[in-house]
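Asks: Quick one, coords05.cif (mmCIF, C-alpha atoms and all ligand atoms):
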data_final
loop_
_atom_site.group_PDB
_atom_site.id
_atom_site.type_symbol
_atom_site.label_atom_id
_atom_site.label_comp_id
_atom_site.auth_asym_id
_atom_site.auth_seq_id
_atom_site.Cartn_x
_atom_site.Cartn_y
_atom_site.Cartn_z
ATOM 1 C CA MET A 27 -102.682 121.642 108.801
ATOM 2 C CA LEU A 28 -104.690 123.488 111.401
ATOM 3 C CA LYS A 29 -108.401 122.720 111.497
ATOM 4 C CA GLU A 30 -110.713 125.685 110.963
ATOM 5 C CA THR A 31 -112.351 125.251 114.408
ATOM 6 C CA ILE A 32 -108.950 125.220 116.146
ATOM 7 C CA GLN A 33 -107.701 128.212 114.159
ATOM 8 C CA GLU A 34 -110.791 130.188 115.134
ATOM 9 C CA ALA A 35 -110.458 129.259 118.804
ATOM 10 C CA LEU A 36 -106.724 130.116 118.866
ATOM 11 C CA ASN A 37 -107.433 133.510 117.295
ATOM 12 C CA ALA A 38 -110.176 134.139 119.859
ATOM 13 C CA GLN A 39 -107.697 133.375 122.647
ATOM 14 C CA LEU A 40 -105.109 135.657 121.039
ATOM 15 C CA ALA A 41 -107.720 138.450 121.265
ATOM 16 C CA ARG A 42 -108.448 137.621 124.911
ATOM 17 C CA GLU A 43 -104.743 137.810 125.779
ATOM 18 C CA MET A 44 -104.612 141.234 124.110
ATOM 19 C CA TYR A 45 -107.665 142.297 126.093
ATOM 20 C CA SER A 46 -105.924 141.056 129.261
ATOM 21 C CA SER A 47 -102.937 143.229 128.436
ATOM 22 C CA ASN A 48 -105.178 146.270 127.918
ATOM 23 C CA LEU A 49 -107.107 145.560 131.115
ATOM 24 C CA TYR A 50 -103.921 145.444 133.195
ATOM 25 C CA LEU A 51 -102.556 148.544 131.502
ATOM 26 C CA ALA A 52 -105.803 150.326 132.431
ATOM 27 C CA MET A 53 -105.349 149.080 136.008
ATOM 28 C CA ALA A 54 -101.745 150.335 135.980
ATOM 29 C CA GLY A 55 -103.099 153.762 135.042
ATOM 30 C CA TYR A 56 -105.719 153.615 137.788
ATOM 31 C CA PHE A 57 -103.198 152.629 140.482
ATOM 32 C CA GLN A 58 -100.744 155.292 139.373
ATOM 33 C CA SER A 59 -103.537 157.901 139.511
ATOM 34 C CA ILE A 60 -104.100 157.100 143.198
ATOM 35 C CA ASN A 61 -100.352 157.123 143.930
ATOM 36 C CA LEU A 62 -99.982 153.390 144.456
ATOM 37 C CA LYS A 63 -96.887 153.130 142.328
ATOM 38 C CA GLY A 64 -95.996 149.602 143.421
ATOM 39 C CA PHE A 65 -99.378 148.289 142.296
ATOM 40 C CA ALA A 66 -99.007 150.320 139.080
ATOM 41 C CA HIS A 67 -95.573 148.828 138.429
ATOM 42 C CA TRP A 68 -96.900 145.305 139.047
ATOM 43 C CA MET A 69 -99.774 145.890 136.621
ATOM 44 C CA ARG A 70 -97.461 147.326 133.942
ATOM 45 C CA LEU A 71 -95.400 144.138 134.060
ATOM 46 C CA GLN A 72 -98.587 142.086 134.069
ATOM 47 C CA ALA A 73 -99.704 143.906 130.891
ATOM 48 C CA GLN A 74 -96.334 143.119 129.253
ATOM 49 C CA GLU A 75 -96.635 139.491 130.247
ATOM 50 C CA GLU A 76 -100.084 139.259 128.625
ATOM 51 C CA THR A 77 -98.623 140.638 125.396
ATOM 52 C CA THR A 78 -96.088 137.802 125.420
ATOM 53 C CA HIS A 79 -99.006 135.363 125.894
ATOM 54 C CA ALA A 80 -100.759 136.880 122.858
ATOM 55 C CA MET A 81 -97.540 136.519 120.854
ATOM 56 C CA LYS A 82 -97.268 132.834 121.776
ATOM 57 C CA PHE A 83 -100.664 132.304 120.071
ATOM 58 C CA PHE A 84 -99.561 134.496 117.146
ATOM 59 C CA ASP A 85 -96.395 132.438 116.592
ATOM 60 C CA TYR A 86 -98.126 129.116 117.124
ATOM 61 C CA LEU A 87 -100.848 129.910 114.573
ATOM 62 C CA LEU A 88 -98.163 130.738 112.000
ATOM 63 C CA ASP A 89 -95.974 127.738 112.884
ATOM 64 C CA ARG A 90 -98.962 125.517 112.124
ATOM 65 C CA GLY A 91 -99.600 127.203 108.784
ATOM 66 C CA GLY A 92 -102.661 128.981 110.121
ATOM 67 C CA LEU A 93 -103.926 132.494 109.596
ATOM 68 C CA VAL A 94 -103.670 135.219 112.231
ATOM 69 C CA GLN A 95 -106.931 137.154 112.484
ATOM 70 C CA ILE A 96 -106.787 140.209 114.712
ATOM 71 C CA SER A 97 -110.285 141.125 115.839
ATOM 72 C CA THR A 98 -111.814 144.099 117.620
ATOM 73 C CA ILE A 99 -110.724 144.253 121.244
ATOM 74 C CA ASN A 100 -113.292 145.711 123.645
ATOM 75 C CA ALA A 101 -112.194 148.632 125.787
ATOM 76 C CA PRO A 102 -111.513 147.702 129.425
ATOM 77 C CA PRO A 103 -112.893 149.827 132.299
ATOM 78 C CA SER A 104 -110.694 152.765 133.270
ATOM 79 C CA ASN A 105 -111.612 153.311 136.893
ATOM 80 C CA TRP A 106 -112.276 151.267 140.015
ATOM 81 C CA GLU A 107 -113.833 151.972 143.390
ATOM 82 C CA ASN A 108 -110.755 150.945 145.368
ATOM 83 C CA PRO A 109 -107.635 148.731 145.085
ATOM 84 C CA LEU A 110 -109.545 145.668 146.315
ATOM 85 C CA SER A 111 -112.247 145.963 143.651
ATOM 86 C CA ALA A 112 -109.578 146.322 140.928
ATOM 87 C CA MET A 113 -107.714 143.227 142.141
ATOM 88 C CA GLU A 114 -110.994 141.306 142.468
ATOM 89 C CA ASP A 115 -111.734 142.176 138.832
ATOM 90 C CA ALA A 116 -108.260 140.953 137.878
ATOM 91 C CA LEU A 117 -108.959 137.647 139.661
ATOM 92 C CA LYS A 118 -112.372 137.259 137.979
ATOM 93 C CA HIS A 119 -110.725 137.937 134.646
ATOM 94 C CA GLU A 120 -108.025 135.316 135.225
ATOM 95 C CA GLN A 121 -110.696 132.766 136.213
ATOM 96 C CA TYR A 122 -112.514 133.563 132.963
ATOM 97 C CA VAL A 123 -109.278 133.094 130.971
ATOM 98 C CA THR A 124 -108.678 129.755 132.720
ATOM 99 C CA GLN A 125 -112.134 128.574 131.632
ATOM 100 C CA ASN A 126 -111.336 129.574 128.055
ATOM 101 C CA ILE A 127 -107.974 127.797 128.074
ATOM 102 C CA ASN A 128 -109.705 124.672 129.404
ATOM 103 C CA SER A 129 -112.389 124.840 126.675
ATOM 104 C CA LEU A 130 -109.651 125.251 124.100
ATOM 105 C CA ALA A 131 -107.850 122.197 125.490
ATOM 106 C CA ASP A 132 -111.147 120.237 125.364
ATOM 107 C CA LEU A 133 -111.547 121.233 121.720
ATOM 108 C CA ALA A 134 -107.981 120.156 120.870
ATOM 109 C CA ILE A 135 -108.680 116.751 122.439
ATOM 110 C CA LYS A 136 -112.005 116.448 120.576
ATOM 111 C CA GLU A 137 -110.327 117.299 117.273
ATOM 112 C CA GLY A 138 -107.393 114.954 117.953
ATOM 113 C CA ASP A 139 -104.932 117.871 117.612
ATOM 114 C CA HIS A 140 -101.999 116.644 119.719
ATOM 115 C CA ALA A 141 -99.692 119.558 118.919
ATOM 116 C CA THR A 142 -102.274 122.080 120.127
ATOM 117 C CA GLN A 143 -102.875 120.028 123.268
ATOM 118 C CA ILE A 144 -99.161 120.185 124.075
ATOM 119 C CA PHE A 145 -98.960 123.889 123.195
ATOM 120 C CA LEU A 146 -101.841 124.611 125.594
ATOM 121 C CA GLN A 147 -100.271 122.758 128.510
ATOM 122 C CA TRP A 148 -97.983 125.733 129.195
ATOM 123 C CA PHE A 149 -101.077 127.940 129.519
ATOM 124 C CA VAL A 150 -102.880 125.480 131.802
ATOM 125 C CA THR A 151 -99.917 125.665 134.209
ATOM 126 C CA GLU A 152 -99.560 129.431 133.781
ATOM 127 C CA GLN A 153 -103.219 129.974 134.729
ATOM 128 C CA VAL A 154 -102.773 128.079 137.998
ATOM 129 C CA GLU A 155 -99.910 130.465 138.829
ATOM 130 C CA GLU A 156 -101.834 133.565 137.694
ATOM 131 C CA GLU A 157 -104.907 132.759 139.777
ATOM 132 C CA ALA A 158 -102.813 131.914 142.846
ATOM 133 C CA THR A 159 -100.805 135.136 142.628
ATOM 134 C CA VAL A 160 -103.770 137.466 142.155
ATOM 135 C CA SER A 161 -105.800 135.609 144.754
ATOM 136 C CA GLU A 162 -102.985 136.110 147.290
ATOM 137 C CA ILE A 163 -103.043 139.875 146.689
ATOM 138 C CA VAL A 164 -106.857 139.938 147.026
ATOM 139 C CA GLU A 165 -106.655 138.056 150.326
ATOM 140 C CA LYS A 166 -103.989 140.415 151.691
ATOM 141 C CA LEU A 167 -106.100 143.428 150.750
ATOM 142 C CA LYS A 168 -109.081 141.895 152.560
ATOM 143 C CA MET A 169 -106.855 141.182 155.560
ATOM 144 C CA ILE A 170 -105.723 144.806 155.955
ATOM 145 C CA GLY A 171 -109.213 146.273 155.454
ATOM 146 C CA ASP A 172 -109.045 150.058 155.850
ATOM 147 C CA TRP A 173 -105.545 150.121 157.358
ATOM 148 C CA LYS A 174 -103.556 152.503 155.152
ATOM 149 C CA GLY A 175 -100.199 151.354 156.542
ATOM 150 C CA GLY A 176 -100.943 147.833 155.351
ATOM 151 C CA LEU A 177 -101.847 149.111 151.903
ATOM 152 C CA LEU A 178 -98.493 150.900 151.647
ATOM 153 C CA MET A 179 -96.692 147.730 152.730
ATOM 154 C CA ILE A 180 -98.385 145.728 149.947
ATOM 155 C CA ASP A 181 -97.617 148.563 147.510
ATOM 156 C CA ASN A 182 -93.964 148.382 148.490
ATOM 157 C CA GLU A 183 -93.919 144.600 148.002
ATOM 158 C CA LEU A 184 -95.576 144.758 144.578
ATOM 159 C CA GLY A 185 -93.151 147.458 143.498
ATOM 160 C CA LYS A 186 -90.316 144.941 143.764
ATOM 161 C CA ARG A 187 -91.691 142.672 141.073
ATOM 162 C CA THR A 188 -89.396 141.961 138.153
ATOM 163 C CA LEU A 189 -90.439 140.480 134.822
ATOM 164 C CA ASN A 190 -91.094 136.698 134.951
ATOM 165 C CA GLU A 191 -91.724 136.796 138.676
ATOM 166 C CA THR A 192 -95.426 136.856 139.357
ATOM 167 C CA SER A 193 -95.412 136.114 143.071
ATOM 168 C CA PRO A 194 -95.624 139.186 145.324
ATOM 169 C CA ASN A 195 -93.237 137.438 147.701
ATOM 170 C CA GLU A 196 -90.397 137.170 145.249
HETATM 171 FE FE FE A 201 -102.514 135.412 129.715
HETATM 172 FE FE FE A 202 -103.059 136.362 132.859
#
Kindly return the structure encoded in the file as structure tokens.
Ligand SMILES: [Fe+2]
Ligand SMILES: [Fe+2]
Replies:
Amino acid sequence: MLKETIQEALNAQLAREMYSSNLYLAMAGYFQSINLKGFAHWMRLQAQEETTHAMKFFDYLLDRGGLVQISTINAPPSNWENPLSAMEDALKHEQYVTQNINSLADLAIKEGDHATQIFLQWFVTEQVEEEATVSEIVEKLKMIGDWKGGLLMIDNELGKRTLNETSPNE
């Protein structure tokens, strides 16, 4: 049986994954509005991926005989100053999620919940990938500065993303 503290923390993470999905959907809308369709496409897939993360918590809670509690999800921003500031926000958000996954893993260890520890390992690995991918895009945007040609090249690259491939190089 799932401990109350673990159930609460898993539900809180479920809500954060749903917020992540909404944040990236908002970013998809922003990028599309400034005609960066590759970035928009990448963010749409990112939003879908976050929904699958939320569903992993949903299923796990139920598999352990826990209760799913859907809470209020705060509205994400809807506009950004430029592509770099949007991607920097995405990176900050992923770093925040990583911290939360780590705290959740700490709690599972403290409570002696081995199943939850194992369940969370997938997310620990996933966060390494997420941060690396977004950080690479941020660095490329910094590299090109105000060069519009470079921005279109990155847009073209990001437009090639398919589901389950997070790297912009794939
Ligand atoms: Fe996620
Ligand atoms: Fe993520």
Asks: Please evaluate the PyMOL selection byres (((not hetatm)) within 10 of (chain A and resi 202)) against the structure above and give the resulting residues as a PyMOL selection string.
Replies: chain A and resi 42-43+46-47+50+72-73+75-77+79+116-117+119-124+149+152-157+160
Asks: Would you mind listing what lies within 10 Å of region 164-167 of chain A as JSON, numbers by chain, with all atoms listed in the file counted and same-chain residues fewer than 2 positions away left out?
Replies: {"A": [109, 110, 111, 112, 113, 114, 115, 116, 117, 158, 159, 160, 161, 162, 169, 170, 171, 172, 173, 176, 177, 180]}
Asks: Taking 3 positions as the minimum chain separation for residues in the same chain, which residues sit within 12 Å of Met179 (chain A) when counting all atoms listed in the file? Answer as an MDAnalysis selection string.
Replies: chainID A and resid 62:65 163 166:167 170 173:176 182:186 194:195
Asks: Rounded to one decimal, what separation in Å do you get between CA of Phe84 (chain A) and CA of Gly138 (chain A)?
Replies: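 CA of Gly138 (chain A) lies 21.1 Å from CA of Phe84 (chain A).
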Asks: Which residues, written as a JSON list (two decimals) with C-alpha atoms, in the frame of the given file, have at least one atom at most 7 Å from region 125-132 of chain A, with all atoms listed in the file counted and residues fewer than 6 positions away on the same chain left out?
Replies:
[["chain", "number", "residue", "atom", "x", "y", "z"],
["A", 35, "ALA", "CA", -110.46, 129.26, 118.80],
["A", 143, "GLN", "CA", -102.88, 120.03, 123.27],
["A", 146, "LEU", "CA", -101.84, 124.61, 125.59],
["A", 150, "VAL", "CA", -102.88, 125.48, 131.80]]
Asks: Which is closest to Tyr56 (chain A) among A:Met81, A:Leu133, A:Gln33, A:Asn105, if we use all atoms listed in the file?
Replies: A:Asn105
Asks: Can you sort out the box for region 29-36 of chain A, edges along x, y and z, all listed atoms in, 4 Å on every side, with centre and edge lengths in Å to one decimal, as lines of an AutoDock Vina configuration file?
Replies:
center_x = -109.5
center_y = 126.5
center_z = 114.9
size_x = 13.6
size_y = 15.5
size_z = 15.9
Asks: Kindly indicate which residue among A:Arg187, A:Arg90, A:Lys118, A:His67 lies nearest to Lys29 (chain A), using all atoms listed in the file for the distances.
Replies: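 For Lys29 (chain A), the nearest of the given residues is A:Arg90.
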Asks: My list of candidates is A:Ala141, A:Ala54, A:Ala38, A:Asn48. Which is closest to Ser97 (chain A) when distances are computed with all atoms listed in the file?
Replies: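 Residue with the minimum atom-to-atom distance to Ser97 (chain A): A:Ala38.
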Asks: Which residue, A:Met53, A:Glu137, A:Gly91, A:Phe83, has the smallest gap to ligand FE 201 (chain A) when you use all atoms listed in the file?
Replies: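 Using all atoms listed in the file, the shortest distance to ligand FE 201 (chain A) belongs to A:Phe83.
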Asks: Suppose you want the space between CA of Tyr86 (chain A) and CA of Thr98 (chain A); what is it in Å?
Replies: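 Atom-to-atom, CA of Tyr86 (chain A) and CA of Thr98 (chain A) are spaced 20.3 Å apart.
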Asks: Separation of CA of Trp68 (chain A) and CA of Asp85 (chain A), in Å?
Replies: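 Interatomic distance, CA of Trp68 (chain A) to CA of Asp85 (chain A): 25.9 Å.
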Asks: Measuring atom to atom with all atoms listed in the file, identify which of A:Ile144, A:Met27, A:Ile60, A:Leu40 is nearest to ligand FE 201 (chain A).
Replies: A:Leu40
Asks: Rank A:Leu36, A:Met44, A:Ala134, A:Leu28 by their smallest atom-to-atom distance to Thr78 (chain A), using all atoms listed in the file, and report the top residue only.
Replies: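 Ranking A:Leu36, A:Met44, A:Ala134, A:Leu28 by distance to Thr78 (chain A), first place goes to A:Met44.
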Asks: As a count of residues only, please: the residues near Tyr45 (chain A) (cut-off 8 Å, all atoms listed in the file, same-chain neighbours under 3 positions excluded).
Replies: 8
Asks: Generate the coordinates of N, CA and C atoms for region 147-163 of chain A; report them as a CSV table (one decimal), keeping the file's coordinate frame.
Replies:
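This went into result.csv:
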chain,number,residue,atom,x,y,z
A,147,GLN,N,-100.7,123.2,127.2
A,147,GLN,CA,-100.3,122.8,128.5
A,147,GLN,C,-99.5,123.9,129.3
A,148,TRP,N,-98.7,124.6,128.6
A,148,TRP,CA,-98.0,125.7,129.2
A,148,TRP,C,-99.0,126.7,129.8
A,149,PHE,N,-100.1,127.0,129.1
A,149,PHE,CA,-101.1,127.9,129.5
A,149,PHE,C,-101.9,127.4,130.7
A,150,VAL,N,-102.1,126.1,130.7
A,150,VAL,CA,-102.9,125.5,131.8
A,150,VAL,C,-102.1,125.7,133.1
A,151,THR,N,-100.8,125.5,133.1
A,151,THR,CA,-99.9,125.7,134.2
A,151,THR,C,-99.8,127.1,134.6
A,152,GLU,N,-99.7,128.0,133.6
A,152,GLU,CA,-99.6,129.4,133.8
A,152,GLU,C,-100.8,130.0,134.5
A,153,GLN,N,-102.0,129.5,134.1
A,153,GLN,CA,-103.2,130.0,134.7
A,153,GLN,C,-103.3,129.6,136.2
A,154,VAL,N,-102.8,128.5,136.6
A,154,VAL,CA,-102.8,128.1,138.0
A,154,VAL,C,-102.0,129.1,138.8
A,155,GLU,N,-100.8,129.5,138.2
A,155,GLU,CA,-99.9,130.5,138.8
A,155,GLU,C,-100.6,131.8,138.9
A,156,GLU,N,-101.2,132.3,137.8
A,156,GLU,CA,-101.8,133.6,137.7
A,156,GLU,C,-102.9,133.7,138.7
A,157,GLU,N,-103.8,132.7,138.8
A,157,GLU,CA,-104.9,132.8,139.8
A,157,GLU,C,-104.4,132.8,141.2
A,158,ALA,N,-103.4,132.0,141.5
A,158,ALA,CA,-102.8,131.9,142.8
A,158,ALA,C,-102.2,133.3,143.3
A,159,THR,N,-101.5,133.9,142.3
A,159,THR,CA,-100.8,135.1,142.6
A,159,THR,C,-101.8,136.3,142.9
A,160,VAL,N,-102.8,136.4,142.0
A,160,VAL,CA,-103.8,137.5,142.2
A,160,VAL,C,-104.6,137.2,143.4
A,161,SER,N,-105.0,136.0,143.6
A,161,SER,CA,-105.8,135.6,144.8
A,161,SER,C,-105.1,136.0,146.1
A,162,GLU,N,-103.8,135.8,146.1
A,162,GLU,CA,-103.0,136.1,147.3
A,162,GLU,C,-103.1,137.6,147.6
A,163,ILE,N,-103.0,138.4,146.5
A,163,ILE,CA,-103.0,139.9,146.7
A,163,ILE,C,-104.4,140.3,147.2
